[in-house]
file entry20.cif (mmCIF, C-alpha atoms)
data_run
#
loop_
_atom_site.group_PDB
_atom_site.id
_atom_site.type_symbol
_atom_site.label_atom_id
_atom_site.label_comp_id
_atom_site.auth_asym_id
_atom_site.auth_seq_id
_atom_site.Cartn_x
_atom_site.Cartn_y
_atom_site.Cartn_z
ATOM 1 C CA MET H 268 240.752 110.176 85.675
ATOM 2 C CA LEU H 269 237.555 110.086 83.661
ATOM 3 C CA LEU H 270 239.423 108.119 80.997
ATOM 4 C CA LEU H 271 240.130 105.369 83.539
ATOM 5 C CA LEU H 272 236.485 105.413 84.609
ATOM 6 C CA PHE H 273 235.364 105.099 80.982
ATOM 7 C CA ALA H 274 237.822 102.284 80.210
ATOM 8 C CA SER H 275 236.882 100.304 83.321
ATOM 9 C CA ALA H 276 233.171 100.655 82.519
ATOM 10 C CA MET H 277 233.756 99.320 78.996
ATOM 11 C CA LEU H 278 235.752 96.354 80.282
ATOM 12 C CA LEU H 279 233.040 95.546 82.795
ATOM 13 C CA ALA H 280 230.333 95.728 80.124
ATOM 14 C CA PHE H 281 232.329 93.384 77.877
ATOM 15 C CA VAL H 282 232.912 90.707 80.496
ATOM 16 C CA PHE H 283 229.304 91.063 81.663
ATOM 17 C CA GLY H 284 228.114 90.277 78.147
ATOM 18 C CA TRP H 285 230.510 87.355 77.945
ATOM 19 C CA ASN H 286 229.402 85.815 81.231
ATOM 20 C CA ASN H 287 225.782 86.764 81.843
ATOM 21 C CA GLY H 288 224.303 87.274 78.384
ATOM 22 C CA PRO H 289 224.665 83.611 77.400
ATOM 23 C CA VAL H 290 222.984 82.508 80.633
ATOM 24 C CA VAL H 291 219.677 83.230 78.922
ATOM 25 C CA VAL H 292 220.779 81.717 75.606
ATOM 26 C CA GLY H 293 221.988 78.634 77.458
ATOM 27 C CA GLY H 294 218.464 77.742 78.484
ATOM 28 C CA LEU H 295 217.441 77.692 74.837
ATOM 29 C CA VAL H 296 220.491 75.771 73.694
ATOM 30 C CA GLY H 297 220.007 73.137 76.363
ATOM 31 C CA SER H 298 216.310 72.654 75.624
ATOM 32 C CA GLY H 299 216.584 72.821 71.835
ATOM 33 C CA ALA H 300 214.031 75.624 71.650
ATOM 34 C CA LEU H 301 216.296 77.759 69.425
ATOM 35 C CA SER H 302 219.687 77.735 67.787
ATOM 36 C CA TYR H 303 222.452 79.655 69.538
ATOM 37 C CA ARG H 304 222.703 82.167 66.688
ATOM 38 C CA ARG H 305 219.034 83.141 66.844
ATOM 39 C CA GLY H 306 219.027 83.118 70.624
ATOM 40 C CA ALA H 307 222.040 85.427 70.656
ATOM 41 C CA LEU H 308 220.277 87.788 68.255
ATOM 42 C CA TRP H 309 217.257 88.122 70.537
ATOM 43 C CA THR H 310 219.586 88.565 73.493
ATOM 44 C CA VAL H 311 221.411 91.419 71.788
ATOM 45 C CA ILE H 312 218.141 93.166 70.888
ATOM 46 C CA GLY H 313 216.761 92.795 74.410
ATOM 47 C CA LEU H 314 219.934 94.055 76.068
ATOM 48 C CA ALA H 315 220.107 97.088 73.774
ATOM 49 C CA LEU H 316 216.469 98.070 74.295
ATOM 50 C CA GLY H 317 216.586 97.515 78.041
ATOM 51 C CA SER H 318 219.775 99.519 78.446
ATOM 52 C CA ALA H 319 218.449 102.439 76.412
ATOM 53 C CA LEU H 320 214.981 102.618 77.944
ATOM 54 C CA GLY H 321 215.429 101.410 81.515
ATOM 55 C CA TRP H 322 218.751 102.664 82.847
ATOM 56 C CA ARG H 323 217.218 105.609 84.689
ATOM 57 C CA GLU H 324 215.541 103.242 87.162
ATOM 58 C CA MET H 325 219.018 102.069 88.215
ATOM 59 C CA GLN H 326 220.786 105.425 88.052
ATOM 60 C CA HIS H 327 221.170 105.699 91.823
ATOM 61 C CA SER H 328 221.152 102.037 92.794
ATOM 62 C CA LEU H 329 224.657 102.409 94.290
ATOM 63 C CA VAL H 330 225.637 106.084 94.505
ATOM 64 C CA ASP H 331 223.301 108.191 96.698
ATOM 65 C CA SER H 332 221.492 105.051 97.821
ATOM 66 C CA LEU H 333 223.865 102.440 99.175
ATOM 67 C CA SER H 334 226.526 105.089 99.873
ATOM 68 C CA LEU H 335 227.315 108.750 99.211
ATOM 69 C CA LEU H 336 230.593 107.821 97.522
ATOM 70 C CA HIS H 337 231.091 110.170 94.538
ATOM 71 C CA SER H 338 234.741 109.604 93.668
ATOM 72 C CA PRO H 339 235.354 108.743 89.980
ATOM 73 C CA ASP H 340 238.626 107.042 90.974
ATOM 74 C CA ALA H 341 236.898 104.850 93.548
ATOM 75 C CA VAL H 342 234.101 103.922 91.127
ATOM 76 C CA ALA H 343 236.736 103.055 88.500
ATOM 77 C CA LEU H 344 238.344 100.736 91.064
ATOM 78 C CA VAL H 345 234.965 99.133 91.765
ATOM 79 C CA PHE H 346 234.483 98.510 88.044
ATOM 80 C CA LEU H 347 238.011 97.110 87.609
ATOM 81 C CA LEU H 348 237.743 94.741 90.579
ATOM 82 C CA SER H 349 234.370 93.503 89.354
ATOM 83 C CA PHE H 350 235.851 93.018 85.875
ATOM 84 C CA VAL H 351 238.722 90.912 87.210
ATOM 85 C CA LEU H 352 236.492 88.700 89.370
ATOM 86 C CA ILE H 353 233.965 88.126 86.605
ATOM 87 C CA LEU H 354 236.745 87.447 84.098
ATOM 88 C CA VAL H 355 238.390 84.829 86.314
ATOM 89 C CA LEU H 356 235.139 82.970 86.960
ATOM 90 C CA THR H 357 234.112 83.289 83.329
ATOM 91 C CA LEU H 358 237.344 81.598 82.274
ATOM 92 C CA GLY H 359 236.300 78.832 84.647
ATOM 93 C CA LYS H 360 233.015 78.641 82.689
ATOM 94 C CA LEU H 361 230.918 79.579 85.695
ATOM 95 C CA PRO H 362 228.297 82.343 85.717
ATOM 96 C CA VAL H 363 228.934 85.114 88.225
ATOM 97 C CA SER H 364 226.775 88.089 88.986
ATOM 98 C CA LEU H 365 227.784 91.583 87.965
ATOM 99 C CA SER H 366 225.463 93.016 90.602
ATOM 100 C CA VAL H 367 226.954 90.870 93.391
ATOM 101 C CA SER H 368 230.567 91.740 92.607
ATOM 102 C CA ALA H 369 229.809 95.439 92.026
ATOM 103 C CA VAL H 370 227.783 95.844 95.230
ATOM 104 C CA GLY H 371 230.467 94.102 97.284
ATOM 105 C CA ALA H 372 233.266 96.210 95.803
ATOM 106 C CA PHE H 373 231.249 99.411 96.219
ATOM 107 C CA ILE H 374 230.631 98.694 99.896
ATOM 108 C CA GLY H 375 234.315 97.940 100.458
ATOM 109 C CA ALA H 376 235.409 101.130 98.687
ATOM 110 C CA SER H 377 232.884 103.235 100.621
ATOM 111 C CA LEU H 378 234.078 101.918 103.980
ATOM 112 C CA ALA H 379 237.735 102.412 103.073
ATOM 113 C CA LEU H 380 237.125 106.047 102.119
ATOM 114 C CA GLY H 381 235.084 106.765 105.222
ATOM 115 C CA PHE H 382 231.735 107.339 103.555
ATOM 116 C CA GLY H 383 229.934 104.590 105.393
ATOM 117 C CA VAL H 384 227.130 102.418 104.067
ATOM 118 C CA HIS H 385 223.376 102.762 104.432
ATOM 119 C CA ARG H 386 222.657 99.588 106.407
ATOM 120 C CA LEU H 387 218.961 99.400 105.592
ATOM 121 C CA VAL H 388 219.693 99.607 101.862
ATOM 122 C CA ALA H 389 222.368 96.910 102.177
ATOM 123 C CA ILE H 390 219.944 94.666 104.072
ATOM 124 C CA GLU H 391 217.269 95.319 101.448
ATOM 125 C CA ILE H 392 219.640 94.296 98.645
ATOM 126 C CA LEU H 393 220.806 91.149 100.450
ATOM 127 C CA SER H 394 217.226 90.168 101.299
ATOM 128 C CA SER H 395 216.242 90.623 97.653
ATOM 129 C CA TRP H 396 219.087 88.370 96.537
ATOM 130 C CA LEU H 397 217.982 85.630 98.925
ATOM 131 C CA ALA H 398 214.337 86.013 97.966
ATOM 132 C CA ALA H 399 214.889 86.072 94.182
ATOM 133 C CA PRO H 400 215.450 82.302 93.703
ATOM 134 C CA LEU H 401 212.529 81.475 95.988
ATOM 135 C CA ILE H 402 210.122 83.829 94.224
ATOM 136 C CA GLY H 403 211.355 82.744 90.795
ATOM 137 C CA GLY H 404 211.046 79.084 91.743
ATOM 138 C CA LEU H 405 207.508 79.473 93.092
ATOM 139 C CA LEU H 406 206.320 81.368 90.019
ATOM 140 C CA ALA H 407 207.969 78.900 87.649
ATOM 141 C CA PHE H 408 206.447 75.961 89.538
ATOM 142 C CA VAL H 409 202.948 77.368 89.059
ATOM 143 C CA LEU H 410 203.519 78.481 85.456
ATOM 144 C CA GLU H 411 204.876 75.096 84.386
ATOM 145 C CA LYS H 412 201.807 73.342 85.737
ATOM 146 C CA LEU H 413 199.497 75.828 83.998
ATOM 147 C CA LEU H 414 201.341 75.499 80.687
ATOM 148 C CA ARG H 415 201.222 71.713 80.786
ATOM 149 C CA ALA H 416 197.488 71.823 81.552
ATOM 150 C CA VAL H 417 196.918 74.080 78.509
ATOM 151 C CA TYR H 418 199.223 72.071 76.242
ATOM 152 C CA GLU H 419 197.423 68.836 77.049
ATOM 153 C CA ARG H 420 194.446 70.164 75.065
ATOM 154 C CA MET H 421 196.506 70.896 71.924
ATOM 155 C CA ASN H 422 198.129 68.786 69.244
ATOM 156 C CA VAL H 423 201.913 68.466 69.088
ATOM 157 C CA LEU H 424 202.378 70.762 66.075
ATOM 158 C CA ARG H 425 200.405 73.631 67.609
ATOM 159 C CA ILE H 426 202.228 73.235 70.916
ATOM 160 C CA ASP H 427 205.594 73.489 69.177
ATOM 161 C CA ILE H 428 204.647 76.612 67.207
ATOM 162 C CA ILE H 429 203.132 78.430 70.191
ATOM 163 C CA ASN H 430 205.921 77.456 72.560
ATOM 164 C CA ARG H 431 208.704 78.605 70.221
ATOM 165 C CA ALA H 432 207.009 81.954 69.645
ATOM 166 C CA LEU H 433 206.334 82.549 73.336
ATOM 167 C CA THR H 434 209.856 81.469 74.276
ATOM 168 C CA GLN H 435 211.375 84.087 71.973
ATOM 169 C CA VAL H 436 209.087 86.807 73.336
ATOM 170 C CA SER H 437 209.823 85.885 76.942
ATOM 171 C CA MET H 438 213.556 85.731 76.221
ATOM 172 C CA LEU H 439 213.408 89.192 74.695
ATOM 173 C CA TYR H 440 211.662 90.445 77.804
ATOM 174 C CA VAL H 441 214.072 88.903 80.311
ATOM 175 C CA THR H 442 217.085 90.248 78.398
ATOM 176 C CA PHE H 443 215.370 93.642 78.290
ATOM 177 C CA THR H 444 215.123 93.651 82.077
ATOM 178 C CA LEU H 445 218.685 92.339 82.307
ATOM 179 C CA GLY H 446 219.933 95.269 80.247
ATOM 180 C CA ALA H 447 217.866 97.749 82.235
ATOM 181 C CA ASN H 448 219.088 96.392 85.566
ATOM 182 C CA ASN H 449 222.736 95.432 85.058
ATOM 183 C CA VAL H 450 223.899 97.664 82.206
ATOM 184 C CA GLY H 451 221.727 100.373 83.716
ATOM 185 C CA MET H 452 223.629 99.980 86.971
ATOM 186 C CA ILE H 453 226.979 100.430 85.192
ATOM 187 C CA PHE H 454 225.851 103.490 83.277
ATOM 188 C CA GLY H 455 223.898 104.956 86.184
ATOM 189 C CA THR H 456 226.886 104.682 88.503
ATOM 190 C CA TYR H 457 229.125 106.181 85.815
ATOM 191 C CA ALA H 458 226.684 109.050 85.283
ATOM 192 C CA ALA H 459 226.375 109.692 89.022
ATOM 193 C CA VAL H 460 230.069 110.587 89.303
ATOM 194 C CA SER H 461 230.505 112.062 85.813
ATOM 195 C CA SER H 462 227.679 112.889 83.382
ATOM 196 C CA PRO H 463 224.939 110.890 81.607
ATOM 197 C CA ASP H 464 226.573 110.991 78.169
ATOM 198 C CA PRO H 465 224.435 109.045 75.632
ATOM 199 C CA LEU H 466 227.579 108.106 73.706
ATOM 200 C CA VAL H 467 228.908 106.330 76.767
ATOM 201 C CA LEU H 468 225.677 104.340 77.023
ATOM 202 C CA ILE H 469 225.942 103.375 73.344
ATOM 203 C CA ALA H 470 229.538 102.285 73.871
ATOM 204 C CA LEU H 471 228.543 100.213 76.918
ATOM 205 C CA VAL H 472 225.856 98.389 74.958
ATOM 206 C CA ALA H 473 228.306 97.808 72.093
ATOM 207 C CA PHE H 474 230.930 96.275 74.388
ATOM 208 C CA CYS H 475 228.248 94.135 76.023
ATOM 209 C CA VAL H 476 227.059 92.918 72.617
ATOM 210 C CA VAL H 477 230.614 92.019 71.616
ATOM 211 C CA GLY H 478 230.926 89.968 74.783
ATOM 212 C CA VAL H 479 227.697 88.107 74.042
ATOM 213 C CA THR H 480 228.305 87.432 70.374
ATOM 214 C CA ALA H 481 232.083 87.048 70.140
ATOM 215 C CA VAL H 482 232.970 84.784 73.048
ATOM 216 C CA GLY H 483 229.767 84.143 75.017
ATOM 217 C CA LYS H 484 228.972 80.842 73.344
ATOM 218 C CA THR H 485 231.549 79.042 75.496
ATOM 219 C CA LEU H 486 229.354 79.522 78.575
ATOM 220 C CA ALA H 487 225.902 79.027 77.018
ATOM 221 C CA PRO H 488 225.524 75.283 77.781
ATOM 222 C CA THR H 489 226.365 75.728 81.469
ATOM 223 C CA ILE H 490 222.937 76.841 82.634
ATOM 224 C CA GLY H 491 220.887 75.030 80.000
ATOM 225 C CA GLU H 492 222.553 71.625 80.343
ATOM 226 C CA SER H 493 224.469 71.481 83.631
ATOM 227 C CA PHE H 494 221.977 72.852 86.153
ATOM 228 C CA VAL H 495 218.758 71.139 85.193
ATOM 229 C CA GLY H 496 217.291 69.412 82.150
ATOM 230 C CA LEU H 497 214.339 71.491 80.944
ATOM 231 C CA SER H 498 211.581 70.912 78.446
ATOM 232 C CA PRO H 499 210.644 73.749 76.060
ATOM 233 C CA SER H 500 207.676 74.627 78.276
ATOM 234 C CA GLY H 501 210.015 74.599 81.253
ATOM 235 C CA VAL H 502 212.288 77.107 79.545
ATOM 236 C CA LEU H 503 209.282 79.320 78.881
ATOM 237 C CA ALA H 504 208.114 79.151 82.502
ATOM 238 C CA SER H 505 211.643 79.936 83.698
ATOM 239 C CA PHE H 506 211.965 82.974 81.449
ATOM 240 C CA ILE H 507 208.592 84.413 82.424
ATOM 241 C CA SER H 508 209.224 84.063 86.160
ATOM 242 C CA SER H 509 212.790 85.356 85.822
ATOM 243 C CA SER H 510 211.649 88.405 83.884
ATOM 244 C CA PHE H 511 209.156 89.184 86.640
ATOM 245 C CA VAL H 512 211.889 89.061 89.301
ATOM 246 C CA MET H 513 214.242 91.201 87.205
ATOM 247 C CA LEU H 514 211.530 93.747 86.398
ATOM 248 C CA ALA H 515 210.424 94.059 90.021
ATOM 249 C CA SER H 516 214.043 94.531 91.107
ATOM 250 C CA THR H 517 214.677 97.156 88.439
ATOM 251 C CA LEU H 518 211.591 99.171 89.357
ATOM 252 C CA ALA H 519 212.757 99.076 92.978
ATOM 253 C CA GLY H 520 216.259 100.178 91.962
ATOM 254 C CA ILE H 521 217.865 96.999 93.342
ATOM 255 C CA PRO H 522 220.853 95.429 91.540
ATOM 256 C CA MET H 523 219.817 91.876 90.713
ATOM 257 C CA SER H 524 221.490 88.837 89.175
ATOM 258 C CA VAL H 525 219.741 87.051 86.338
ATOM 259 C CA THR H 526 221.385 83.803 87.457
ATOM 260 C CA MET H 527 219.679 84.135 90.850
ATOM 261 C CA ALA H 528 216.304 84.390 89.196
ATOM 262 C CA LEU H 529 216.977 81.717 86.569
ATOM 263 C CA VAL H 530 218.470 79.100 88.872
ATOM 264 C CA GLY H 531 215.518 79.336 91.244
ATOM 265 C CA SER H 532 213.078 79.277 88.336
ATOM 266 C CA MET H 533 214.678 76.221 86.765
ATOM 267 C CA VAL H 534 214.604 74.341 90.048
ATOM 268 C CA GLY H 535 210.940 75.287 90.446
ATOM 269 C CA VAL H 536 210.183 73.914 86.981
ATOM 270 C CA GLY H 537 212.009 70.706 87.798
ATOM 271 C CA MET H 538 210.063 70.217 91.006
ATOM 272 C CA SER H 539 206.759 70.621 89.151
ATOM 273 C CA THR H 540 207.394 67.472 87.114
ATOM 274 C CA LYS H 541 207.588 63.858 88.187
ATOM 275 C CA LEU H 542 210.770 63.180 86.240
ATOM 276 C CA TRP H 543 213.424 65.824 86.762
ATOM 277 C CA ILE H 544 217.213 65.957 86.982
ATOM 278 C CA ILE H 545 218.937 68.699 88.970
ATOM 279 C CA ASN H 546 222.660 69.053 89.472
ATOM 280 C CA ARG H 547 222.467 69.826 93.188
ATOM 281 C CA PRO H 548 226.226 70.198 93.832
ATOM 282 C CA LEU H 549 226.612 72.718 90.997
ATOM 283 C CA ILE H 550 223.580 74.694 92.138
ATOM 284 C CA ALA H 551 224.809 74.722 95.743
ATOM 285 C CA TYR H 552 228.235 75.873 94.583
ATOM 286 C CA THR H 553 226.718 78.645 92.468
ATOM 287 C CA VAL H 554 224.435 79.902 95.241
ATOM 288 C CA GLY H 555 227.293 79.870 97.732
ATOM 289 C CA SER H 556 229.501 81.725 95.275
ATOM 290 C CA TRP H 557 227.089 84.698 95.221
ATOM 291 C CA LEU H 558 227.754 85.577 98.836
ATOM 292 C CA ALA H 559 231.422 84.573 98.610
ATOM 293 C CA VAL H 560 232.006 86.856 95.615
ATOM 294 C CA ALA H 561 230.271 89.771 97.350
ATOM 295 C CA LEU H 562 232.423 89.300 100.448
ATOM 296 C CA LEU H 563 235.619 88.859 98.420
ATOM 297 C CA SER H 564 234.875 91.960 96.338
ATOM 298 C CA GLY H 565 234.285 94.034 99.442
ATOM 299 C CA VAL H 566 237.424 92.876 101.214
ATOM 300 C CA VAL H 567 239.668 93.363 98.174
ATOM 301 C CA ALA H 568 238.263 96.854 97.485
ATOM 302 C CA PHE H 569 238.655 97.868 101.124
ATOM 303 C CA LEU H 570 242.222 96.600 101.418
ATOM 304 C CA THR H 571 243.279 98.055 98.058
ATOM 305 C CA LEU H 572 242.067 101.550 98.917
ATOM 306 C CA HIS H 573 243.193 101.327 102.537
ATOM 307 C CA LEU H 574 246.730 100.418 101.484
ATOM 308 C CA ALA H 575 246.769 103.034 98.739
ATOM 309 C CA LEU H 576 245.701 105.769 101.142
ATOM 310 C CA GLY H 577 247.954 104.545 103.923
#

call {"tool": "encode", "arguments": {"input": "entry20.cif", "output": "structure tokens"}}
result
Amino acid sequence: MLLLLFASAMLLAFVFGWNNGPVVVGGLVGSGALSYRRGALWTVIGLALGSALGWREMQHSLVDSLSLLHSPDAVALVFLLSFVLILVLTLGKLPVSLSVSAVGAFIGASLALGFGVHRLVAIEILSSWLAAPLIGGLLAFVLEKLLRAVYERMNVLRIDIINRALTQVSMLYVTFTLGANNVGMIFGTYAAVSSPDPLVLIALVAFCVVGVTAVGKTLAPTIGESFVGLSPSGVLASFISSSFVMLASTLAGIPMSVTMALVGSMVGVGMSTKLWIINRPLIAYTVGSWLAVALLSGVVAFLTLHLALG
């Protein structure tokens, strides 16, 4: 059944790239900081580097931490269920978290197979998800004010040059942490029940890149234009604060959603200015969907395995 495990991991990496990769690019598209093509290029580079260099931090984020589940068949089911959920919501042009759907499905599969779940780890993950938007928003709020204070002392041309350069660097960093956390979680979970084959990691990154570059553009405007209208300095503040949240989560071995960090950061940027527009209903729907998707993933995984074994 390793072939099924491999195929499901590739599908999950593809739909992850389609849905979550453009979340970062969308901030640039919406603000006009970069063209989509260049933003996608930096996204691809960041994801590849992060996946290659940071996956070990996430190697046991699910297996041996959240649960002792070591079944390749069960992990393949977790990947497939996450793929289907992300695909459906992606077709609806809404960002959905790989980490949320995977954690929910993994918990459901573990309970169905009688392995149980480490409650403290589950509480730690849930608490981190709830804290991520708040931390990202607070950091972005402070950073936006600092950036505007610095920019007020510069001419327009210098501000534009510096901001574009810093935005690209910060985007590279946040996509690096995204690759380390999310792609690292896929590969780490795969390796925990099989073997850490470097060729599998290369294939995962390739499928993720195809998702970003081939079809990801359809989702890019969602975050950048629909959630909140951001200035170039606002995009920069959002990326810096989001990268901090993603990096801290990765070092702690906690699966984290980049949309959680970015949505909170963008709201924080908006609140730091006098004139700001936030799509509150869409944000509320997105935040609510995180917990709903986790619950749905867990229930579907539990029922699927329970019925199959019964």

call {"tool": "resolve_selection", "arguments": {"input": "entry20.cif", "expression": "the PyMOL selection byres ((chain H and resi 509) around 10)", "output": "PyMOL selection string"}}
result
chain H and resi 291+399-400+402-404+406-407+437-438+440-442+444-445+503-508+510-515+524-533

call {"tool": "atom_distance", "arguments": {"input": "entry20.cif", "atom1": "CA of His327 in chain H", "atom2": "CA of Phe273 in chain H"}}
result
17.9 Å

call {"tool": "resolve_selection", "arguments": {"input": "entry20.cif", "expression": "the PyMOL selection byres ((chain H and resi 568) around 8)", "output": "list in words"}}
result
Leu344, Val345, Leu348, Ala372, Phe373, Gly375, Ala376, Ala379, Ser564, Gly565, Val566, Val567, Phe569, Leu570, Thr571 and Leu572 of chain H

call {"tool": "residues_around", "arguments": {"input": "entry20.cif", "residues": "range 413-427 of chain H", "least_positions_apart": "3", "cutoff": "8 Å", "atoms": "all atoms listed in the file", "output": "compact mmCIF listing (two decimals) with C-alpha atoms, in the frame of the given file"}}
result
# COMPACT_ATOMS: atom_id res chain seq x y z
CA VAL H 409 202.95 77.37 89.06
CA LEU H 410 203.52 78.48 85.46
CA ASN H 430 205.92 77.46 72.56
CA ARG H 431 208.70 78.60 70.22
CA SER H 500 207.68 74.63 78.28
CA ALA H 504 208.11 79.15 82.50

call {"tool": "residues_around", "arguments": {"input": "entry20.cif", "residues": "His385 in chain H", "least_positions_apart": "3", "cutoff": "8 Å", "atoms": "all atoms listed in the file", "output": "short mmCIF file (atom, residue, chain, number, x, y, z; two decimals) with C-alpha atoms, in the frame of the given file"}}
result
data_model
loop_
_atom_site.label_atom_id
_atom_site.label_comp_id
_atom_site.auth_asym_id
_atom_site.auth_seq_id
_atom_site.Cartn_x
_atom_site.Cartn_y
_atom_site.Cartn_z
CA SER H 332 221.49 105.05 97.82
CA LEU H 333 223.86 102.44 99.18
CA SER H 334 226.53 105.09 99.87
CA VAL H 388 219.69 99.61 101.86
CA ALA H 389 222.37 96.91 102.18
#

call {"tool": "closest_residue", "arguments": {"input": "entry20.cif", "among": "H:Cys475, H:Leu393, H:Leu271, H:Val370", "to": "Asn286 in chain H", "atoms": "only C-alpha atoms"}}
result
H:Cys475

call {"tool": "closest_residue", "arguments": {"input": "entry20.cif", "among": "H:Val460, H:Leu518, H:Leu347, H:Val476", "to": "Trp322 in chain H", "atoms": "all atoms listed in the file"}}
result
H:Leu518

call {"tool": "resolve_selection", "arguments": {"input": "entry20.cif", "expression": "the PyMOL selection byres ((chain H and resi 446-453) around 8)", "output": "MDAnalysis selection string"}}
result
chainID H and resid 276 280 313:329 365:366 442:445 454:457 471:472 513 516:517 520:524

call {"tool": "atom_distance", "arguments": {"input": "entry20.cif", "atom1": "CA of Phe346 in chain H", "atom2": "CA of Ala274 in chain H"}}
result
9.3 Å

call {"tool": "atom_distance", "arguments": {"input": "entry20.cif", "atom1": "CA of Trp285 in chain H", "atom2": "CA of Ala473 in chain H"}}
result
12.2 Å

call {"tool": "closest_residue", "arguments": {"input": "entry20.cif", "among": "H:Leu562, H:Leu433, H:Val479, H:Leu269", "to": "Gly501 in chain H", "atoms": "all atoms listed in the file"}}
result
H:Leu433

call {"tool": "axis_aligned_box", "arguments": {"input": "entry20.cif", "around": "range 508-515 of chain H", "padding_each_side": "8 Å", "output": "lines of an AutoDock Vina configuration file"}}
result
center_x = 211.7
center_y = 89.1
center_z = 87.0
size_x = 21.1
size_y = 26.0
size_z = 22.1

call {"tool": "decode", "arguments": {"input": "entry20.cif", "residues": "range 320-343 of chain H", "atoms": "C-alpha atoms", "output": "PDB file, in the first residue's frame"}}
result
ATOM      1  CA  LEU H 320      15.847  22.517   4.788  1.00  0.00           C
ATOM      2  CA  GLY H 321      13.084  22.575   7.390  1.00  0.00           C
ATOM      3  CA  TRP H 322      11.040  19.393   7.109  1.00  0.00           C
ATOM      4  CA  ARG H 323      12.843  17.651   9.960  1.00  0.00           C
ATOM      5  CA  GLU H 324      11.299  20.069  12.470  1.00  0.00           C
ATOM      6  CA  MET H 325       7.864  18.758  11.440  1.00  0.00           C
ATOM      7  CA  GLN H 326       8.791  15.098  11.029  1.00  0.00           C
ATOM      8  CA  HIS H 327       6.842  13.991  14.098  1.00  0.00           C
ATOM      9  CA  SER H 328       4.217  16.717  14.277  1.00  0.00           C
ATOM     10  CA  LEU H 329       1.456  14.093  13.887  1.00  0.00           C
ATOM     11  CA  VAL H 330       2.887  10.581  14.245  1.00  0.00           C
ATOM     12  CA  ASP H 331       4.536   9.911  17.641  1.00  0.00           C
ATOM     13  CA  SER H 332       3.289  13.255  18.928  1.00  0.00           C
ATOM     14  CA  LEU H 333      -0.436  13.675  18.442  1.00  0.00           C
ATOM     15  CA  SER H 334      -0.922   9.895  18.196  1.00  0.00           C
ATOM     16  CA  LEU H 335       1.058   6.661  17.898  1.00  0.00           C
ATOM     17  CA  LEU H 336      -0.750   5.758  14.677  1.00  0.00           C
ATOM     18  CA  HIS H 337       1.790   4.139  12.311  1.00  0.00           C
ATOM     19  CA  SER H 338      -0.447   2.586   9.668  1.00  0.00           C
ATOM     20  CA  PRO H 339       0.479   3.554   6.073  1.00  0.00           C
ATOM     21  CA  ASP H 340      -3.106   2.790   4.999  1.00  0.00           C
ATOM     22  CA  ALA H 341      -4.566   5.082   7.651  1.00  0.00           C
ATOM     23  CA  VAL H 342      -2.127   7.891   6.805  1.00  0.00           C
ATOM     24  CA  ALA H 343      -3.023   7.483   3.114  1.00  0.00           C
TER      25      ALA H 343
END
